[in-house]
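Asks: If it helps, the file is called work_16.cif and holds mmCIF, C-alpha atoms and all ligand atoms:
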data_upload
loop_
_atom_site.group_PDB
_atom_site.id
_atom_site.type_symbol
_atom_site.label_atom_id
_atom_site.label_comp_id
_atom_site.auth_asym_id
_atom_site.auth_seq_id
_atom_site.Cartn_x
_atom_site.Cartn_y
_atom_site.Cartn_z
ATOM 1 C CA MET A 1 201.899 90.979 70.104
ATOM 2 C CA SER A 2 198.534 89.319 70.908
ATOM 3 C CA LYS A 3 195.391 90.967 69.501
ATOM 4 C CA ILE A 4 191.626 90.819 70.104
ATOM 5 C CA LYS A 5 189.376 90.481 67.032
ATOM 6 C CA TRP A 6 186.527 93.016 66.709
ATOM 7 C CA PRO A 7 183.962 93.517 63.928
ATOM 8 C CA GLY A 8 184.976 96.106 61.306
ATOM 9 C CA SER A 9 184.913 99.632 62.708
ATOM 10 C CA VAL A 10 186.381 103.042 61.899
ATOM 11 C CA LEU A 11 189.462 103.021 64.111
ATOM 12 C CA LEU A 12 191.814 104.709 61.667
ATOM 13 C CA ALA A 13 193.927 107.186 63.632
ATOM 14 C CA PRO A 14 195.160 109.834 63.842
ATOM 15 C CA VAL A 15 192.864 111.827 61.589
ATOM 16 C CA PRO A 16 192.956 115.591 61.118
ATOM 17 C CA PRO A 17 189.969 117.282 62.819
ATOM 18 C CA VAL A 18 189.565 120.008 60.203
ATOM 19 C CA LEU A 19 187.298 123.046 60.328
ATOM 20 C CA VAL A 20 185.241 123.066 57.155
ATOM 21 C CA THR A 21 183.621 126.348 56.182
ATOM 22 C CA CYS A 22 180.714 126.546 53.772
ATOM 23 C CA GLY A 23 177.920 128.796 52.526
ATOM 24 C CA ASP A 24 177.965 132.261 51.140
ATOM 25 C CA GLY A 25 176.338 135.378 52.499
ATOM 26 C CA ASP A 26 173.702 134.670 55.143
ATOM 27 C CA ASN A 27 174.146 130.901 55.471
ATOM 28 C CA GLU A 28 177.886 130.755 56.224
ATOM 29 C CA ASN A 29 178.737 127.940 58.617
ATOM 30 C CA ILE A 30 181.588 125.941 60.167
ATOM 31 C CA ILE A 31 181.581 122.185 60.811
ATOM 32 C CA THR A 32 184.297 120.016 62.335
ATOM 33 C CA ILE A 33 185.127 117.037 60.132
ATOM 34 C CA GLY A 34 187.236 114.027 61.014
ATOM 35 C CA TRP A 35 186.356 111.907 57.989
ATOM 36 C CA THR A 36 188.569 113.602 55.441
ATOM 37 C CA GLY A 37 191.697 112.760 53.497
ATOM 38 C CA VAL A 38 193.657 112.850 50.269
ATOM 39 C CA LEU A 39 192.246 111.061 47.202
ATOM 40 C CA ASN A 40 194.546 112.065 44.364
ATOM 41 C CA THR A 41 197.635 114.134 43.642
ATOM 42 C CA LYS A 42 196.974 115.562 40.162
ATOM 43 C CA PRO A 43 194.359 116.934 40.001
ATOM 44 C CA PRO A 44 194.533 117.534 43.764
ATOM 45 C CA MET A 45 191.467 115.751 45.159
ATOM 46 C CA THR A 46 190.135 115.421 48.660
ATOM 47 C CA TYR A 47 186.890 114.377 50.351
ATOM 48 C CA ILE A 48 184.752 115.027 53.365
ATOM 49 C CA SER A 49 182.086 112.612 54.602
ATOM 50 C CA LEU A 50 178.936 114.243 55.933
ATOM 51 C CA ARG A 51 175.846 112.898 57.646
ATOM 52 C CA PRO A 52 172.722 114.187 55.880
ATOM 53 C CA SER A 53 171.413 115.492 59.240
ATOM 54 C CA ARG A 54 174.109 118.233 59.362
ATOM 55 C CA LEU A 55 173.229 121.787 58.354
ATOM 56 C CA SER A 56 176.525 121.810 56.470
ATOM 57 C CA TYR A 57 175.321 118.847 54.392
ATOM 58 C CA GLU A 58 172.340 120.920 53.211
ATOM 59 C CA ILE A 59 174.553 123.903 52.419
ATOM 60 C CA ILE A 60 177.329 122.012 50.622
ATOM 61 C CA SER A 61 174.868 119.857 48.642
ATOM 62 C CA THR A 62 173.462 123.104 47.253
ATOM 63 C CA THR A 63 176.571 125.276 46.764
ATOM 64 C CA ARG A 64 178.908 122.336 45.963
ATOM 65 C CA GLU A 65 181.765 124.311 47.527
ATOM 66 C CA PHE A 66 183.603 124.216 50.843
ATOM 67 C CA THR A 67 186.917 125.161 52.373
ATOM 68 C CA ILE A 68 189.069 122.887 54.516
ATOM 69 C CA ASN A 69 190.909 124.827 57.227
ATOM 70 C CA LEU A 70 193.607 122.869 59.051
ATOM 71 C CA SER A 71 193.281 123.151 62.807
ATOM 72 C CA THR A 72 195.982 123.897 65.323
ATOM 73 C CA VAL A 73 196.383 123.245 69.034
ATOM 74 C CA ASP A 74 195.283 126.851 69.639
ATOM 75 C CA LEU A 75 192.008 126.109 67.825
ATOM 76 C CA VAL A 76 191.129 122.974 69.808
ATOM 77 C CA LYS A 77 188.192 124.567 71.652
ATOM 78 C CA ALA A 78 186.705 125.861 68.388
ATOM 79 C CA VAL A 79 187.247 122.437 66.806
ATOM 80 C CA ASP A 80 185.260 120.729 69.518
ATOM 81 C CA PHE A 81 182.575 123.428 69.672
ATOM 82 C CA CYS A 82 182.003 123.417 65.895
ATOM 83 C CA GLY A 83 181.687 119.643 66.168
ATOM 84 C CA VAL A 84 178.962 119.600 68.805
ATOM 85 C CA LYS A 85 176.905 122.713 68.001
ATOM 86 C CA SER A 86 174.832 123.160 64.865
ATOM 87 C CA GLY A 87 174.732 126.304 62.783
ATOM 88 C CA ARG A 88 170.944 125.873 62.972
ATOM 89 C CA ASP A 89 171.093 127.064 66.586
ATOM 90 C CA ILE A 90 174.124 129.330 66.789
ATOM 91 C CA ASN A 91 176.497 131.409 64.661
ATOM 92 C CA LYS A 92 179.750 129.506 65.282
ATOM 93 C CA PHE A 93 181.956 132.283 63.848
ATOM 94 C CA GLU A 94 180.624 134.689 66.485
ATOM 95 C CA ALA A 95 180.462 132.162 69.327
ATOM 96 C CA MET A 96 184.132 131.159 68.864
ATOM 97 C CA ASN A 97 185.287 134.608 67.724
ATOM 98 C CA LEU A 98 186.576 133.167 64.448
ATOM 99 C CA LYS A 99 187.325 135.802 61.830
ATOM 100 C CA SER A 100 186.608 134.855 58.247
ATOM 101 C CA VAL A 101 188.336 135.970 55.073
ATOM 102 C CA PRO A 102 186.606 135.859 51.689
ATOM 103 C CA GLY A 103 187.292 132.924 49.420
ATOM 104 C CA GLU A 104 188.875 133.474 46.032
ATOM 105 C CA SER A 105 188.182 130.345 43.995
ATOM 106 C CA VAL A 106 184.961 129.570 45.843
ATOM 107 C CA LYS A 107 182.322 131.803 47.396
ATOM 108 C CA CYS A 108 182.511 130.429 50.954
ATOM 109 C CA PRO A 109 184.808 132.046 53.512
ATOM 110 C CA MET A 110 188.088 130.786 54.954
ATOM 111 C CA LEU A 111 189.210 130.986 58.581
ATOM 112 C CA ALA A 112 191.824 133.651 59.299
ATOM 113 C CA ALA A 113 193.178 131.706 62.298
ATOM 114 C CA SER A 114 193.939 128.563 60.297
ATOM 115 C CA PRO A 115 197.505 128.314 58.949
ATOM 116 C CA LEU A 116 196.375 126.502 55.806
ATOM 117 C CA SER A 117 193.076 126.692 53.943
ATOM 118 C CA MET A 118 192.093 124.689 50.872
ATOM 119 C CA GLU A 119 189.303 125.945 48.629
ATOM 120 C CA CYS A 120 187.395 122.956 47.281
ATOM 121 C CA ARG A 121 184.804 122.410 44.560
ATOM 122 C CA VAL A 122 182.616 119.293 44.793
ATOM 123 C CA LYS A 123 182.887 116.895 41.832
ATOM 124 C CA GLU A 124 180.795 113.977 43.027
ATOM 125 C CA ILE A 125 178.608 113.009 45.981
ATOM 126 C CA ILE A 126 178.550 109.313 46.875
ATOM 127 C CA PRO A 127 176.039 107.968 49.434
ATOM 128 C CA LEU A 128 177.754 105.332 51.586
ATOM 129 C CA GLY A 129 175.423 104.585 54.494
ATOM 130 C CA THR A 130 175.474 106.823 57.543
ATOM 131 C CA HIS A 131 177.554 109.392 55.632
ATOM 132 C CA GLU A 132 177.806 110.738 52.093
ATOM 133 C CA LEU A 133 181.227 111.267 50.586
ATOM 134 C CA PHE A 134 181.793 114.658 48.957
ATOM 135 C CA MET A 135 184.633 114.194 46.516
ATOM 136 C CA ALA A 136 186.193 117.542 45.656
ATOM 137 C CA GLU A 137 188.996 119.182 43.741
ATOM 138 C CA ILE A 138 191.294 121.505 45.680
ATOM 139 C CA MET A 139 191.273 124.675 43.581
ATOM 140 C CA THR A 140 193.528 126.949 45.637
ATOM 141 C CA VAL A 141 195.569 126.657 48.801
ATOM 142 C CA HIS A 142 196.320 129.566 51.149
ATOM 143 C CA VAL A 143 199.334 129.075 53.436
ATOM 144 C CA GLU A 144 200.509 131.254 56.322
ATOM 145 C CA ASP A 145 203.665 132.921 55.054
ATOM 146 C CA ALA A 146 205.499 132.424 58.378
ATOM 147 C CA LEU A 147 205.567 128.680 57.576
ATOM 148 C CA ILE A 148 207.501 129.211 54.342
ATOM 149 C CA ASP A 149 211.262 129.757 54.510
ATOM 150 C CA ALA A 150 213.446 131.960 52.275
ATOM 151 C CA ASN A 151 213.874 129.051 49.806
ATOM 152 C CA GLY A 152 210.109 128.585 49.441
ATOM 153 C CA LYS A 153 210.050 125.388 51.526
ATOM 154 C CA LEU A 154 206.889 124.808 53.559
ATOM 155 C CA HIS A 155 207.458 123.853 57.225
ATOM 156 C CA MET A 156 204.149 122.274 58.267
ATOM 157 C CA ASP A 157 205.774 121.061 61.475
ATOM 158 C CA LYS A 158 205.841 124.674 62.705
ATOM 159 C CA ALA A 159 202.042 124.992 62.423
ATOM 160 C CA ASN A 160 201.296 123.110 65.660
ATOM 161 C CA LEU A 161 198.673 120.970 63.932
ATOM 162 C CA LEU A 162 196.001 119.094 65.833
ATOM 163 C CA ALA A 163 195.316 115.356 65.617
ATOM 164 C CA TYR A 164 192.163 113.418 66.578
ATOM 165 C CA VAL A 165 192.599 109.931 68.000
ATOM 166 C CA HIS A 166 189.566 107.875 69.006
ATOM 167 C CA GLY A 167 187.608 110.779 70.494
ATOM 168 C CA GLU A 168 190.556 112.741 71.877
ATOM 169 C CA TYR A 169 192.590 115.702 70.648
ATOM 170 C CA PHE A 170 196.381 115.725 70.603
ATOM 171 C CA GLY A 171 199.214 117.888 69.362
ATOM 172 C CA LEU A 172 201.894 116.334 67.177
ATOM 173 C CA GLY A 173 204.881 114.901 69.002
ATOM 174 C CA GLU A 174 208.514 114.315 68.063
ATOM 175 C CA LYS A 175 209.794 114.063 64.509
ATOM 176 C CA TYR A 176 211.209 110.596 63.814
ATOM 177 C CA GLY A 177 212.193 110.822 60.170
ATOM 178 C CA SER A 178 211.369 112.294 56.796
ATOM 179 C CA PHE A 179 210.254 110.830 53.454
ATOM 180 C CA GLY A 180 212.826 108.292 52.234
ATOM 181 C CA TYR A 181 215.115 108.620 55.225
ATOM 182 C CA SER A 182 215.211 104.844 55.722
ATOM 183 C CA VAL A 183 217.047 104.299 52.437
ATOM 184 C CA ARG A 184 218.975 107.562 52.249
ATOM 185 C CA LYS A 185 222.753 107.162 52.160
ATOM 186 C CA LYS A 186 224.468 108.693 55.125
ATOM 187 C CA LYS A 187 227.056 111.356 54.378
ATOM 188 C CA LYS A 188 230.524 110.086 55.247
ATOM 189 C CA LYS A 189 232.155 111.956 58.064
ATOM 190 C CA LYS A 190 235.494 113.456 57.097
ATOM 191 C CA THR A 191 238.244 112.068 59.331
ATOM 192 C CA VAL A 192 240.926 114.546 60.246
ATOM 193 C CA LYS A 193 244.246 112.919 60.855
ATOM 194 C CA LYS A 194 246.042 114.110 63.916
ATOM 195 C CA THR A 195 249.540 115.301 63.087
ATOM 196 C CA ASN A 196 251.033 115.466 66.573
HETATM 197 C C1 LIG A 201 186.278 115.765 66.084
HETATM 198 C C2 LIG A 201 184.964 115.710 65.355
HETATM 199 C C3 LIG A 201 184.899 115.158 64.093
HETATM 200 C C4 LIG A 201 183.692 115.112 63.398
HETATM 201 N N1 LIG A 201 183.664 114.572 62.145
HETATM 202 C C5 LIG A 201 182.504 114.569 61.440
HETATM 203 C C6 LIG A 201 182.478 114.057 60.106
HETATM 204 O O1 LIG A 201 183.490 113.639 59.542
HETATM 205 N N2 LIG A 201 181.291 114.082 59.444
HETATM 206 C C7 LIG A 201 180.131 114.546 60.011
HETATM 207 O O2 LIG A 201 179.069 114.540 59.370
HETATM 208 N N3 LIG A 201 180.134 115.038 61.293
HETATM 209 C C8 LIG A 201 181.283 115.084 61.998
HETATM 210 N N4 LIG A 201 181.307 115.575 63.271
HETATM 211 C C9 LIG A 201 180.060 116.082 63.874
HETATM 212 C C10 LIG A 201 179.671 117.483 63.345
HETATM 213 O O3 LIG A 201 180.776 118.346 63.364
HETATM 214 C C11 LIG A 201 178.544 118.046 64.243
HETATM 215 O O4 LIG A 201 177.402 117.233 64.162
HETATM 216 C C12 LIG A 201 178.182 119.507 63.967
HETATM 217 O O5 LIG A 201 177.494 120.000 65.078
HETATM 218 C C13 LIG A 201 177.357 119.702 62.701
HETATM 219 O O6 LIG A 201 177.234 121.080 62.488
HETATM 220 P P1 LIG A 201 176.175 121.738 61.464
HETATM 221 O O7 LIG A 201 174.822 121.200 61.780
HETATM 222 O O8 LIG A 201 176.314 123.212 61.765
HETATM 223 O O9 LIG A 201 176.615 121.413 60.073
HETATM 224 C C14 LIG A 201 182.501 115.635 63.990
HETATM 225 C C15 LIG A 201 182.573 116.171 65.276
HETATM 226 C C16 LIG A 201 183.782 116.228 65.962
HETATM 227 C C17 LIG A 201 183.835 116.851 67.335
#
Starting from the file, lay out its structure as C-alpha cells.

Replies:
Amino acid sequence: MSKIKWPGSVLLAPVPPVLVTCGDGDNENIITIGWTGVLNTKPPMTYISLRPSRLSYEIISTTREFTINLSTVDLVKAVDFCGVKSGRDINKFEAMNLKSVPGESVKCPMLAASPLSMECRVKEIIPLGTHELFMAEIMTVHVEDALIDANGKLHMDKANLLAYVHGEYFGLGEKYGSFGYSVRKKKKKKTVKKTN
C-alpha cells in the first residue's frame, strides 16, 4: 500500500457525533461534539473538547456538568443542526423537537430520544490550543430498556448508532467479530456416524 505523507492532523475516524446537553433551568443547551472518547474504566472517565467560542463552553465551565447522549441514525438531522447553530441564537430543543428528561446525578437535562445518556461531572479542564479538554467522571448511565435482553446483556448494535467520518455521517455496517474472537477456540462439530 503506498501512502502520501501529510503534516499531523486530526483524521481519527470514525468518531461518535454525540449530542451533549448542558445547563440547568433557563440556559439549557445542546451541542454536537465529535471530539470525545473514553479515558479510563474505573472510575469511568470521559472527555469532551470544546472551543471557548461555544455557548456550551461558557455553560459547562460554570456548571461543570454535562450529559453525553449517544446519537442514532434517526437523530442525524438534529446532530448536524446542533453542530451548526448556536444556543445564543436559537433554542435547539424546540427547533429540533427534542424532548428533555431531567438529570438525576447532574442538574442538566438528558435527551429522551437518545438510547443511552451518560451524566458527567467535570474533574479537570485542560487548555490545549484551539480546544479545551473537559475531563469528566461518568456518574450515571441511562440505557433504553429495549436494548437489554432477559439476561441483562446490553445490545448496543440494536441502537442504530451514528458515526462521523471526515465530515460525513454514516450508520454502522456489518458485524465482523466480537472481543477476543480471533483467539477463541471453535466448538468442535459433533460428527454423526451414518449407520446405513
Ligand atoms: C459533527 C460535529 C462535530 C462537532 N464537534 C465539536 C467538538 O468536538 N468541539 C466543539 O467545540 N465544537 C464541535 N462542533 C461544532 C459545534 O457543535 C457548533 O459550533 C455549535 O453550533 C456550538 O453550539 P453552542 O454555541 O450552542 O454551544 C461540531 C459540529 C459538528 C457538526

Asks: Kindly resolve the PyMOL selection byres (((chain A and resi 109) around 10) and not hetatm) on the present coordinates and return the residues as a PDB file with C-alpha atoms, in the coordinates of the input.

Replies:
ATOM      1  CA  VAL A  20     185.241 123.066  57.155  1.00  0.00           C
ATOM      2  CA  THR A  21     183.621 126.348  56.182  1.00  0.00           C
ATOM      3  CA  CYS A  22     180.714 126.546  53.772  1.00  0.00           C
ATOM      4  CA  GLY A  23     177.920 128.796  52.526  1.00  0.00           C
ATOM      5  CA  ASP A  24     177.965 132.261  51.140  1.00  0.00           C
ATOM      6  CA  GLY A  25     176.338 135.378  52.499  1.00  0.00           C
ATOM      7  CA  GLU A  28     177.886 130.755  56.224  1.00  0.00           C
ATOM      8  CA  ASN A  29     178.737 127.940  58.617  1.00  0.00           C
ATOM      9  CA  ILE A  30     181.588 125.941  60.167  1.00  0.00           C
ATOM     10  CA  PHE A  66     183.603 124.216  50.843  1.00  0.00           C
ATOM     11  CA  THR A  67     186.917 125.161  52.373  1.00  0.00           C
ATOM     12  CA  LYS A  99     187.325 135.802  61.830  1.00  0.00           C
ATOM     13  CA  SER A 100     186.608 134.855  58.247  1.00  0.00           C
ATOM     14  CA  VAL A 101     188.336 135.970  55.073  1.00  0.00           C
ATOM     15  CA  PRO A 102     186.606 135.859  51.689  1.00  0.00           C
ATOM     16  CA  GLY A 103     187.292 132.924  49.420  1.00  0.00           C
ATOM     17  CA  GLU A 104     188.875 133.474  46.032  1.00  0.00           C
ATOM     18  CA  VAL A 106     184.961 129.570  45.843  1.00  0.00           C
ATOM     19  CA  LYS A 107     182.322 131.803  47.396  1.00  0.00           C
ATOM     20  CA  CYS A 108     182.511 130.429  50.954  1.00  0.00           C
ATOM     21  CA  MET A 110     188.088 130.786  54.954  1.00  0.00           C
ATOM     22  CA  LEU A 111     189.210 130.986  58.581  1.00  0.00           C
ATOM     23  CA  ALA A 112     191.824 133.651  59.299  1.00  0.00           C
ATOM     24  CA  SER A 117     193.076 126.692  53.943  1.00  0.00           C
ATOM     25  CA  GLU A 119     189.303 125.945  48.629  1.00  0.00           C
TER      26      GLU A 119
END

Asks: Out of A:Asp26, A:Glu58, A:Asp80, A:Asp74, which residue has the shortest atom-to-atom distance to ligand LIG 201 (chain A) when counting all atoms listed in the file?

Replies: A:Asp80

Asks: Take the PyMOL selection byres (((chain A and resi 95) around 12) and not hetatm), apply it to the structure above, and return the hits as a PDB file with C-alpha atoms, in the frame of the given file.

Replies:
ATOM      1  CA  ASN A  29     178.737 127.940  58.617  1.00  0.00           C
ATOM      2  CA  ILE A  30     181.588 125.941  60.167  1.00  0.00           C
ATOM      3  CA  LYS A  77     188.192 124.567  71.652  1.00  0.00           C
ATOM      4  CA  ALA A  78     186.705 125.861  68.388  1.00  0.00           C
ATOM      5  CA  PHE A  81     182.575 123.428  69.672  1.00  0.00           C
ATOM      6  CA  CYS A  82     182.003 123.417  65.895  1.00  0.00           C
ATOM      7  CA  LYS A  85     176.905 122.713  68.001  1.00  0.00           C
ATOM      8  CA  SER A  86     174.832 123.160  64.865  1.00  0.00           C
ATOM      9  CA  GLY A  87     174.732 126.304  62.783  1.00  0.00           C
ATOM     10  CA  ASP A  89     171.093 127.064  66.586  1.00  0.00           C
ATOM     11  CA  ILE A  90     174.124 129.330  66.789  1.00  0.00           C
ATOM     12  CA  ASN A  91     176.497 131.409  64.661  1.00  0.00           C
ATOM     13  CA  LYS A  92     179.750 129.506  65.282  1.00  0.00           C
ATOM     14  CA  PHE A  93     181.956 132.283  63.848  1.00  0.00           C
ATOM     15  CA  GLU A  94     180.624 134.689  66.485  1.00  0.00           C
ATOM     16  CA  MET A  96     184.132 131.159  68.864  1.00  0.00           C
ATOM     17  CA  ASN A  97     185.287 134.608  67.724  1.00  0.00           C
ATOM     18  CA  LEU A  98     186.576 133.167  64.448  1.00  0.00           C
ATOM     19  CA  LYS A  99     187.325 135.802  61.830  1.00  0.00           C
TER      20      LYS A  99
END

Asks: For A:Val73, list every protein, DNA or RNA residue within 8 Å, evaluated using all atoms listed in the file, and leave out those in the same chain fewer than 4 positions away; present the list as a VMD selection string.

Replies: chain A and resid 160 to 162 170 to 171

Asks: Name the residues in contact with A:Ile33 at a cut-off of 12 Å, using all atoms listed in the file, excluding same-chain residues fewer than 4 positions from it; report them as a short mmCIF file (atom, residue, chain, number, x, y, z; two decimals) with C-alpha atoms, keeping the file's coordinate frame.

Replies:
data_model
loop_
_atom_site.label_atom_id
_atom_site.label_comp_id
_atom_site.auth_asym_id
_atom_site.auth_seq_id
_atom_site.Cartn_x
_atom_site.Cartn_y
_atom_site.Cartn_z
CA VAL A 15 192.86 111.83 61.59
CA PRO A 16 192.96 115.59 61.12
CA PRO A 17 189.97 117.28 62.82
CA VAL A 18 189.56 120.01 60.20
CA LEU A 19 187.30 123.05 60.33
CA VAL A 20 185.24 123.07 57.16
CA THR A 21 183.62 126.35 56.18
CA GLY A 37 191.70 112.76 53.50
CA TYR A 47 186.89 114.38 50.35
CA ILE A 48 184.75 115.03 53.36
CA SER A 49 182.09 112.61 54.60
CA LEU A 50 178.94 114.24 55.93
CA ARG A 51 175.85 112.90 57.65
CA ARG A 54 174.11 118.23 59.36
CA SER A 56 176.52 121.81 56.47
CA TYR A 57 175.32 118.85 54.39
CA PHE A 66 183.60 124.22 50.84
CA THR A 67 186.92 125.16 52.37
CA ILE A 68 189.07 122.89 54.52
CA ASN A 69 190.91 124.83 57.23
CA LEU A 70 193.61 122.87 59.05
CA SER A 71 193.28 123.15 62.81
CA VAL A 79 187.25 122.44 66.81
CA ASP A 80 185.26 120.73 69.52
CA PHE A 81 182.58 123.43 69.67
CA CYS A 82 182.00 123.42 65.90
CA GLY A 83 181.69 119.64 66.17
CA VAL A 84 178.96 119.60 68.81
CA HIS A 131 177.55 109.39 55.63
CA LEU A 133 181.23 111.27 50.59
CA PHE A 134 181.79 114.66 48.96
CA ALA A 163 195.32 115.36 65.62
CA TYR A 164 192.16 113.42 66.58
#

Asks: Of the residues A:His166, A:Ile138, A:Leu128, A:Ser182, which is the one nearest to A:Lys42, using all atoms listed in the file?

Replies: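 Of A:His166, A:Ile138, A:Leu128, A:Ser182, the one nearest A:Lys42 is A:Ile138, counting all atoms listed in the file.
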
Asks: Go ahead and compute the interatomic distance for atom CA of A:Trp35 and atom C3 of ligand LIG 201 (chain A), in Å to one decimal.

Replies: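 Rounded to one decimal, the two atoms are 7.1 Å apart.
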
Asks: For ligand LIG 201 (chain A), which residue among A:Thr41, A:Thr46, A:Ser53, A:Thr32 is the nearest when counting all atoms listed in the file?

Replies: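 Smallest distance to ligand LIG 201 (chain A) is found for A:Thr32.
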
Asks: Can you tell me how far atom CA of A:Thr140 sits from atom CA of A:Met118, in Å to one decimal?

Replies: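 It comes out at 5.9 Å.
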
Asks: Tell me, as a short mmCIF file (atom, residue, chain, number, x, y, z; two decimals) with C-alpha atoms, in the frame of the given file, which residues lie within 12 Å of A:Leu147, counting all atoms listed in the file; anything in the same chain fewer than 4 positions away does not count.

Replies:
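Dumped to out-v5.cif:
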data_model
loop_
_atom_site.label_atom_id
_atom_site.label_comp_id
_atom_site.auth_asym_id
_atom_site.auth_seq_id
_atom_site.Cartn_x
_atom_site.Cartn_y
_atom_site.Cartn_z
CA SER A 114 193.94 128.56 60.30
CA PRO A 115 197.50 128.31 58.95
CA LEU A 116 196.38 126.50 55.81
CA HIS A 142 196.32 129.57 51.15
CA VAL A 143 199.33 129.07 53.44
CA ASN A 151 213.87 129.05 49.81
CA GLY A 152 210.11 128.58 49.44
CA LYS A 153 210.05 125.39 51.53
CA LEU A 154 206.89 124.81 53.56
CA HIS A 155 207.46 123.85 57.22
CA MET A 156 204.15 122.27 58.27
CA ASP A 157 205.77 121.06 61.48
CA LYS A 158 205.84 124.67 62.70
CA ALA A 159 202.04 124.99 62.42
CA ASN A 160 201.30 123.11 65.66
#

Asks: For the atom pair atom CA of A:Asn27 and atom O3 of ligand LIG 201 (chain A), what is the interatomic distance in Å to one decimal place?

Replies: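 Taking atom CA of A:Asn27 as the start and atom O3 of ligand LIG 201 (chain A) as the end point, the length is 16.2 Å.
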
Asks: Nearest to ligand LIG 201 (chain A) among A:Lys175, A:Lys3, A:Arg121, A:Arg88, with distances taken over only C-alpha atoms and all ligand atoms: which residue is it?

Replies: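 Checking each of A:Lys175, A:Lys3, A:Arg121, A:Arg88 against ligand LIG 201 (chain A), counting only C-alpha atoms and all ligand atoms, the winner is A:Arg88.
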
Asks: Tell me which of A:Gly177, A:Gly129, A:Gly167, A:Gly34 sits closest to ligand LIG 201 (chain A), counting all atoms listed in the file.

Replies: A:Gly34

Asks: Ranking A:Lys193, A:Lys188, A:Ile4, A:Val10 by minimum distance to A:Val165 and counting all atoms listed in the file, which one comes first?

Replies: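 The shortest atom-to-atom distance to A:Val165 comes from A:Val10.
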